[in-house]
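Beneath this line is the structure, given in structure tokens, with notes to follow.
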Amino acid sequence: MKIKSIFTKQLLLYVGTLLAVFILVGIILSMVYTQHYMDETKEDLINQGMKISKEYKKAYYFTGDLSNLEYELQILEGYMAASIFFIDKNGVVVLTSPGINDAWIGQAIANEGVIKSVLEGNVVTLQGKINGMFDEPVLTVGYPLQTDQIAGIFMCTSMTEIEHSLQGMYKMGFSILTAVMSIGIVLVYIFSKKITKPLLQMNEATKVIAGGNFEQRIEIKSEDEIGQLAESFNHMAESLDKYEKVRRDFIANVSHDLRSPLTSIQGFLGAILDGTIPQEKQFHYLNIVLEETKRLTKLTNDIVELSRAQTSNITLEKTRFDINTLIRESIERLEPRLQQKDIKIDAIFAEKETYVCADEDKIARVIYNLVDNAIKFSDIDKKIEIETILKENKKLLISVKDYGKGIDEEDLKYIFDRFYKEDSSRGKDKTGSGLGLCIVREFLLAHGENIAVKSEKEKGTTFIFSLKLAEKENKKQ
């Protein structure tokens, strides 16, 4: 079965990793602990051998009484479950603890290498049944004694007992590892759920948004990458929701802008054709019809230009021209509108002539739209300032400032978005389609330039954009 769930994949990966780590740790710990336990047992046997050696020498050289030694052997055999036998210089068993059959007394140990090493004064260890002395394998430690009667002591403890003790430790270790593993699996499950839950929520929210509901949001409970992703998703949904509302408003505005002139055109032409309007007034109303058709043409051209701009189909024909002259021409084209609102324009030029390299028609449209926008949102008897500023990086800044109502800080984020109209706070003029500033930005972006806006409520708004300065004529070849 193919696993598709991220949660399942992540859970299996983490659990598999934990299991592999615990198995590896268990094997390593069991090996280390087994070796440690064996070494501890050997060390205990050697220490006991040293103690017995002292007791024997004390009894042999001073008292000749071996009762203490026999008592010590009984204690050792009971406490450590260790059987003991003594050998002479020929490797013959001369004394055993109660746990060893007395029949072995007087028999020689066949392992010559071990006997020789003990006789040479070395401590030796071995595992096995000691030539059949024991029915099961034992761990044996040989300790040199080097007296006239006894040459060495051999202490033997059952491997079965050692393994039994180790098994108890293994069970305890296994229980601890199992408990840790269980806690780890629970934590992995919770952690995996915590990671995948917002992803599943985003998946479901995406389906909802794809269905046209842009109000869907995800609850953010973390500040990690998943939380940041969820926050970005919410921002995207918020932007889509805002865009959808603006789009609906735009459709309503465009529908109104189309319906109004079309209604006027239809009404006036119908009245002319059926004779309702006298012949002497027909010229006046035909001029109104002409103005309405121009209004429709402008709206259509705006939509077409914006569509081309946003599909990267803008063709630039860059030339060298004087920006000051272009600004003056734009002001002259808007003179009737300036007179209607008794608005004056102050043009402040950095130099008498300032040449830039750009598409003159597109920049003319930029300046016209910005000045037209400033007029639209300026009160009667106000002024507009246009200023050019030279920068050291071969750039020219052009600012258009009005002293109108200003723009709300919340609306500044959307002022260049297509379809956006912020008439409620910008003024009483509602004839625009919300495309002018968007077209301005797209034309400037096509030039590799940008535009910024600064605004304060009741103090006005300033738009600033940049252009590249043209090379001087004497540098041209």
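By convention in this document, the chains of the structure tokens carry letters A, B, ... by their order, each chain's residues are numbered from 1, and ligands are numbered from 1 in the order they are shown.
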
Within 10 Å of A:Asp381, counting only C-alpha atoms, which residues qualify if same-chain residues fewer than 4 places away don't, as number ranges by chain? A: 338-344

List every residue of stretch 122-206 of chain A that DSSP, applied to the backbone of this structure, assigns to alpha helix (DSSP H), and report them as a PyMOL selection string. chain A and resi 159-206

Selection near stretch 220-232 of chain A, 10 Å with only C-alpha atoms, sequence-local residues under 6 positions removed, as a list of chain:residue names: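 These residues fall inside the cut-off: A:Lys194, A:Ile195, A:Thr196, A:Lys197, A:Pro198, A:Leu199, A:Gln201, A:Met202, A:Glu238.
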
Name all residues at most 7 Å from A:Val453 (count only C-alpha atoms; drop same-chain ones fewer than 5 positions away) and give them as a list in words. Thr462, Phe463 and Ile464 of chain A

If you keep N, CA, C and O atoms, can you produce a file of those selected residues as a short mmCIF file (atom, residue, chain, number, x, y, z; two decimals), in the first residue's frame?
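And here's result_37.cif as it stands now:
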data_model
loop_
_atom_site.label_atom_id
_atom_site.label_comp_id
_atom_site.auth_asym_id
_atom_site.auth_seq_id
_atom_site.Cartn_x
_atom_site.Cartn_y
_atom_site.Cartn_z
N THR A 462 2.03 63.28 -1.74
CA THR A 462 3.15 63.49 -2.65
C THR A 462 3.51 62.17 -3.32
O THR A 462 3.75 61.17 -2.64
N PHE A 463 3.56 62.18 -4.66
CA PHE A 463 4.04 61.04 -5.43
C PHE A 463 5.43 61.38 -5.96
O PHE A 463 5.64 62.47 -6.50
N ILE A 464 6.37 60.43 -5.80
CA ILE A 464 7.75 60.65 -6.24
C ILE A 464 8.18 59.47 -7.10
O ILE A 464 8.06 58.32 -6.68
#

Show which residues sit within 8 Å of stretch 315-319 of chain A, as number ranges by chain. Count only C-alpha atoms, and ignore same-chain residues fewer than 2 positions away. A: 313, 321, 357-360, 446-447

Any idea what's packed within 8 Å of A:Tyr403, counting only C-alpha atoms, ignoring anything in its chain fewer than 4 positions away? Could you give it as JSON, numbers by chain? {"A": [378, 379, 382, 383, 384, 458, 459, 460, 461]}

Closest to A:Leu262 among A:Ile28, A:Val289, A:Glu43, A:His284, using only C-alpha atoms?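 So, comparing all the options, the nearest one is A:Val289.
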
Strand (DSSP E) residues, from DSSP on the backbone, in stretch 64-273 of chain A, as a JSON list (two decimals) with N, CA, C and O atoms, in the first residue's frame:
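As a result, result_8.json now contains:
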[["chain", "number", "residue", "atom", "x", "y", "z"],
["A", 82, "ALA", "N", 30.69, -19.54, 44.78],
["A", 82, "ALA", "CA", 31.97, -19.89, 44.16],
["A", 82, "ALA", "C", 32.54, -21.14, 44.82],
["A", 82, "ALA", "O", 32.67, -21.21, 46.05],
["A", 83, "SER", "N", 32.89, -22.10, 44.02],
["A", 83, "SER", "CA", 33.57, -23.31, 44.50],
["A", 83, "SER", "C", 35.07, -23.11, 44.39],
["A", 83, "SER", "O", 35.55, -22.44, 43.45],
["A", 84, "ILE", "N", 35.84, -23.69, 45.34],
["A", 84, "ILE", "CA", 37.27, -23.43, 45.42],
["A", 84, "ILE", "C", 38.03, -24.76, 45.54],
["A", 84, "ILE", "O", 37.59, -25.67, 46.25],
["A", 85, "PHE", "N", 39.14, -24.82, 44.84],
["A", 85, "PHE", "CA", 40.03, -25.96, 45.05],
["A", 85, "PHE", "C", 41.47, -25.48, 45.00],
["A", 85, "PHE", "O", 41.79, -24.46, 44.38],
["A", 86, "PHE", "N", 42.35, -26.24, 45.67],
["A", 86, "PHE", "CA", 43.76, -25.89, 45.77],
["A", 86, "PHE", "C", 44.57, -26.97, 45.03],
["A", 86, "PHE", "O", 44.20, -28.15, 45.02],
["A", 87, "ILE", "N", 45.69, -26.54, 44.45],
["A", 87, "ILE", "CA", 46.59, -27.49, 43.76],
["A", 87, "ILE", "C", 48.00, -27.33, 44.33],
["A", 87, "ILE", "O", 48.34, -26.25, 44.84],
["A", 93, "VAL", "N", 45.01, -31.67, 42.75],
["A", 93, "VAL", "CA", 44.06, -31.06, 43.68],
["A", 93, "VAL", "C", 44.33, -31.62, 45.07],
["A", 93, "VAL", "O", 44.31, -32.85, 45.28],
["A", 94, "VAL", "N", 44.59, -30.72, 46.06],
["A", 94, "VAL", "CA", 44.90, -31.15, 47.42],
["A", 94, "VAL", "C", 43.80, -30.76, 48.41],
["A", 94, "VAL", "O", 43.74, -31.33, 49.51],
["A", 95, "LEU", "N", 42.91, -29.78, 48.05],
["A", 95, "LEU", "CA", 41.86, -29.33, 48.97],
["A", 95, "LEU", "C", 40.74, -28.70, 48.16],
["A", 95, "LEU", "O", 40.99, -27.98, 47.19],
["A", 96, "THR", "N", 39.47, -28.98, 48.55],
["A", 96, "THR", "CA", 38.31, -28.41, 47.85],
["A", 96, "THR", "C", 37.33, -27.84, 48.85],
["A", 96, "THR", "O", 37.34, -28.21, 50.03],
["A", 124, "VAL", "N", 45.34, -16.10, 36.44],
["A", 124, "VAL", "CA", 44.77, -16.51, 35.15],
["A", 124, "VAL", "C", 43.25, -16.67, 35.30],
["A", 124, "VAL", "O", 42.73, -16.90, 36.40],
["A", 125, "THR", "N", 42.54, -16.51, 34.17],
["A", 125, "THR", "CA", 41.09, -16.74, 34.13],
["A", 125, "THR", "C", 40.79, -17.63, 32.95],
["A", 125, "THR", "O", 41.44, -17.57, 31.91],
["A", 126, "LEU", "N", 39.76, -18.48, 33.10],
["A", 126, "LEU", "CA", 39.33, -19.33, 32.01],
["A", 126, "LEU", "C", 37.86, -19.70, 32.22],
["A", 126, "LEU", "O", 37.33, -19.56, 33.35],
["A", 127, "GLN", "N", 37.22, -20.17, 31.14],
["A", 127, "GLN", "CA", 35.84, -20.61, 31.19],
["A", 127, "GLN", "C", 35.75, -22.03, 30.68],
["A", 127, "GLN", "O", 36.43, -22.39, 29.71],
["A", 128, "GLY", "N", 34.90, -22.83, 31.30],
["A", 128, "GLY", "CA", 34.73, -24.21, 30.88],
["A", 128, "GLY", "C", 34.35, -25.10, 32.04],
["A", 128, "GLY", "O", 34.03, -24.63, 33.16],
["A", 138, "VAL", "N", 31.88, -22.92, 33.98],
["A", 138, "VAL", "CA", 32.12, -22.02, 35.11],
["A", 138, "VAL", "C", 33.18, -21.00, 34.71],
["A", 138, "VAL", "O", 33.99, -21.24, 33.81],
["A", 139, "LEU", "N", 33.14, -19.87, 35.40],
["A", 139, "LEU", "CA", 34.18, -18.86, 35.27],
["A", 139, "LEU", "C", 35.19, -19.12, 36.37],
["A", 139, "LEU", "O", 34.84, -19.11, 37.55],
["A", 140, "THR", "N", 36.43, -19.36, 35.96],
["A", 140, "THR", "CA", 37.47, -19.78, 36.93],
["A", 140, "THR", "C", 38.59, -18.76, 36.95],
["A", 140, "THR", "O", 39.06, -18.30, 35.89],
["A", 141, "VAL", "N", 39.02, -18.41, 38.18],
["A", 141, "VAL", "CA", 40.16, -17.52, 38.37],
["A", 141, "VAL", "C", 41.21, -18.28, 39.17],
["A", 141, "VAL", "O", 40.92, -18.80, 40.27],
["A", 142, "GLY", "N", 42.43, -18.37, 38.61],
["A", 142, "GLY", "CA", 43.54, -19.02, 39.29],
["A", 142, "GLY", "C", 44.45, -18.00, 39.92],
["A", 142, "GLY", "O", 44.89, -17.06, 39.24],
["A", 143, "TYR", "N", 44.73, -18.18, 41.25],
["A", 143, "TYR", "CA", 45.55, -17.20, 41.97],
["A", 143, "TYR", "C", 46.75, -17.94, 42.57],
["A", 143, "TYR", "O", 46.59, -18.96, 43.24],
["A", 144, "PRO", "N", 47.98, -17.46, 42.34],
["A", 144, "PRO", "CA", 49.18, -18.15, 42.84],
["A", 144, "PRO", "C", 49.29, -18.04, 44.36],
["A", 144, "PRO", "O", 48.97, -16.99, 44.93],
["A", 152, "GLY", "N", 48.63, -23.00, 44.24],
["A", 152, "GLY", "CA", 47.65, -22.07, 43.67],
["A", 152, "GLY", "C", 46.23, -22.36, 44.14],
["A", 152, "GLY", "O", 45.93, -23.45, 44.61],
["A", 153, "ILE", "N", 45.41, -21.34, 44.05],
["A", 153, "ILE", "CA", 44.00, -21.43, 44.42],
["A", 153, "ILE", "C", 43.17, -21.19, 43.17],
["A", 153, "ILE", "O", 43.42, -20.24, 42.41],
["A", 154, "PHE", "N", 42.15, -21.98, 42.94],
["A", 154, "PHE", "CA", 41.23, -21.80, 41.81],
["A", 154, "PHE", "C", 39.82, -21.60, 42.37],
["A", 154, "PHE", "O", 39.31, -22.45, 43.11],
["A", 155, "MET", "N", 39.22, -20.45, 42.00],
["A", 155, "MET", "CA", 37.87, -20.11, 42.43],
["A", 155, "MET", "C", 36.96, -20.17, 41.22],
["A", 155, "MET", "O", 37.22, -19.52, 40.19],
["A", 156, "CYS", "N", 35.86, -20.89, 41.32],
["A", 156, "CYS", "CA", 34.97, -21.15, 40.18],
["A", 156, "CYS", "C", 33.55, -20.72, 40.52],
["A", 156, "CYS", "O", 33.02, -21.12, 41.57],
["A", 157, "THR", "N", 32.96, -19.90, 39.65],
["A", 157, "THR", "CA", 31.56, -19.51, 39.82],
["A", 157, "THR", "C", 30.78, -19.87, 38.56],
["A", 157, "THR", "O", 31.30, -19.79, 37.44],
["A", 158, "SER", "N", 29.56, -20.31, 38.74],
["A", 158, "SER", "CA", 28.75, -20.85, 37.65],
["A", 158, "SER", "C", 28.42, -19.77, 36.62],
["A", 158, "SER", "O", 27.95, -18.67, 36.96]]

Name all residues at most 12 Å from A:Glu456 (count only C-alpha atoms; drop same-chain ones fewer than 4 positions away) and give them as an mmCIF file with C-alpha atoms, in the first residue's frame.
data_model
loop_
_atom_site.group_PDB
_atom_site.id
_atom_site.type_symbol
_atom_site.label_atom_id
_atom_site.label_comp_id
_atom_site.auth_asym_id
_atom_site.auth_seq_id
_atom_site.Cartn_x
_atom_site.Cartn_y
_atom_site.Cartn_z
ATOM 1 C CA LYS A 401 2.463 67.202 -4.470
ATOM 2 C CA ASP A 402 -1.095 68.263 -3.710
ATOM 3 C CA TYR A 403 -2.643 69.797 -0.589
ATOM 4 C CA GLY A 404 -5.866 67.818 -0.574
ATOM 5 C CA LYS A 405 -7.494 65.509 1.967
ATOM 6 C CA GLY A 406 -4.626 63.005 2.061
ATOM 7 C CA ILE A 407 -4.839 59.206 2.131
ATOM 8 C CA ASP A 408 -5.508 56.917 5.076
ATOM 9 C CA GLU A 409 -2.486 54.850 6.127
ATOM 10 C CA GLU A 410 -4.468 51.634 5.586
ATOM 11 C CA ASP A 411 -5.322 52.670 2.019
ATOM 12 C CA LEU A 412 -1.715 53.559 1.112
ATOM 13 C CA SER A 425 -11.423 59.698 1.708
ATOM 14 C CA ARG A 426 -9.706 61.305 -1.256
ATOM 15 C CA GLY A 460 -1.967 66.348 1.154
ATOM 16 C CA THR A 461 -0.187 63.673 -0.826
ATOM 17 C CA THR A 462 3.146 63.492 -2.655
#

Atom CA of A:Ala108 to atom CA of A:Gly91: how many Å, to one decimal?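 Interatomic distance, atom CA of A:Ala108 to atom CA of A:Gly91: 5.3 Å.
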
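Going from atom CA of A:Val186 over to atom CA of A:Leu11, you cover 10.1 Å.
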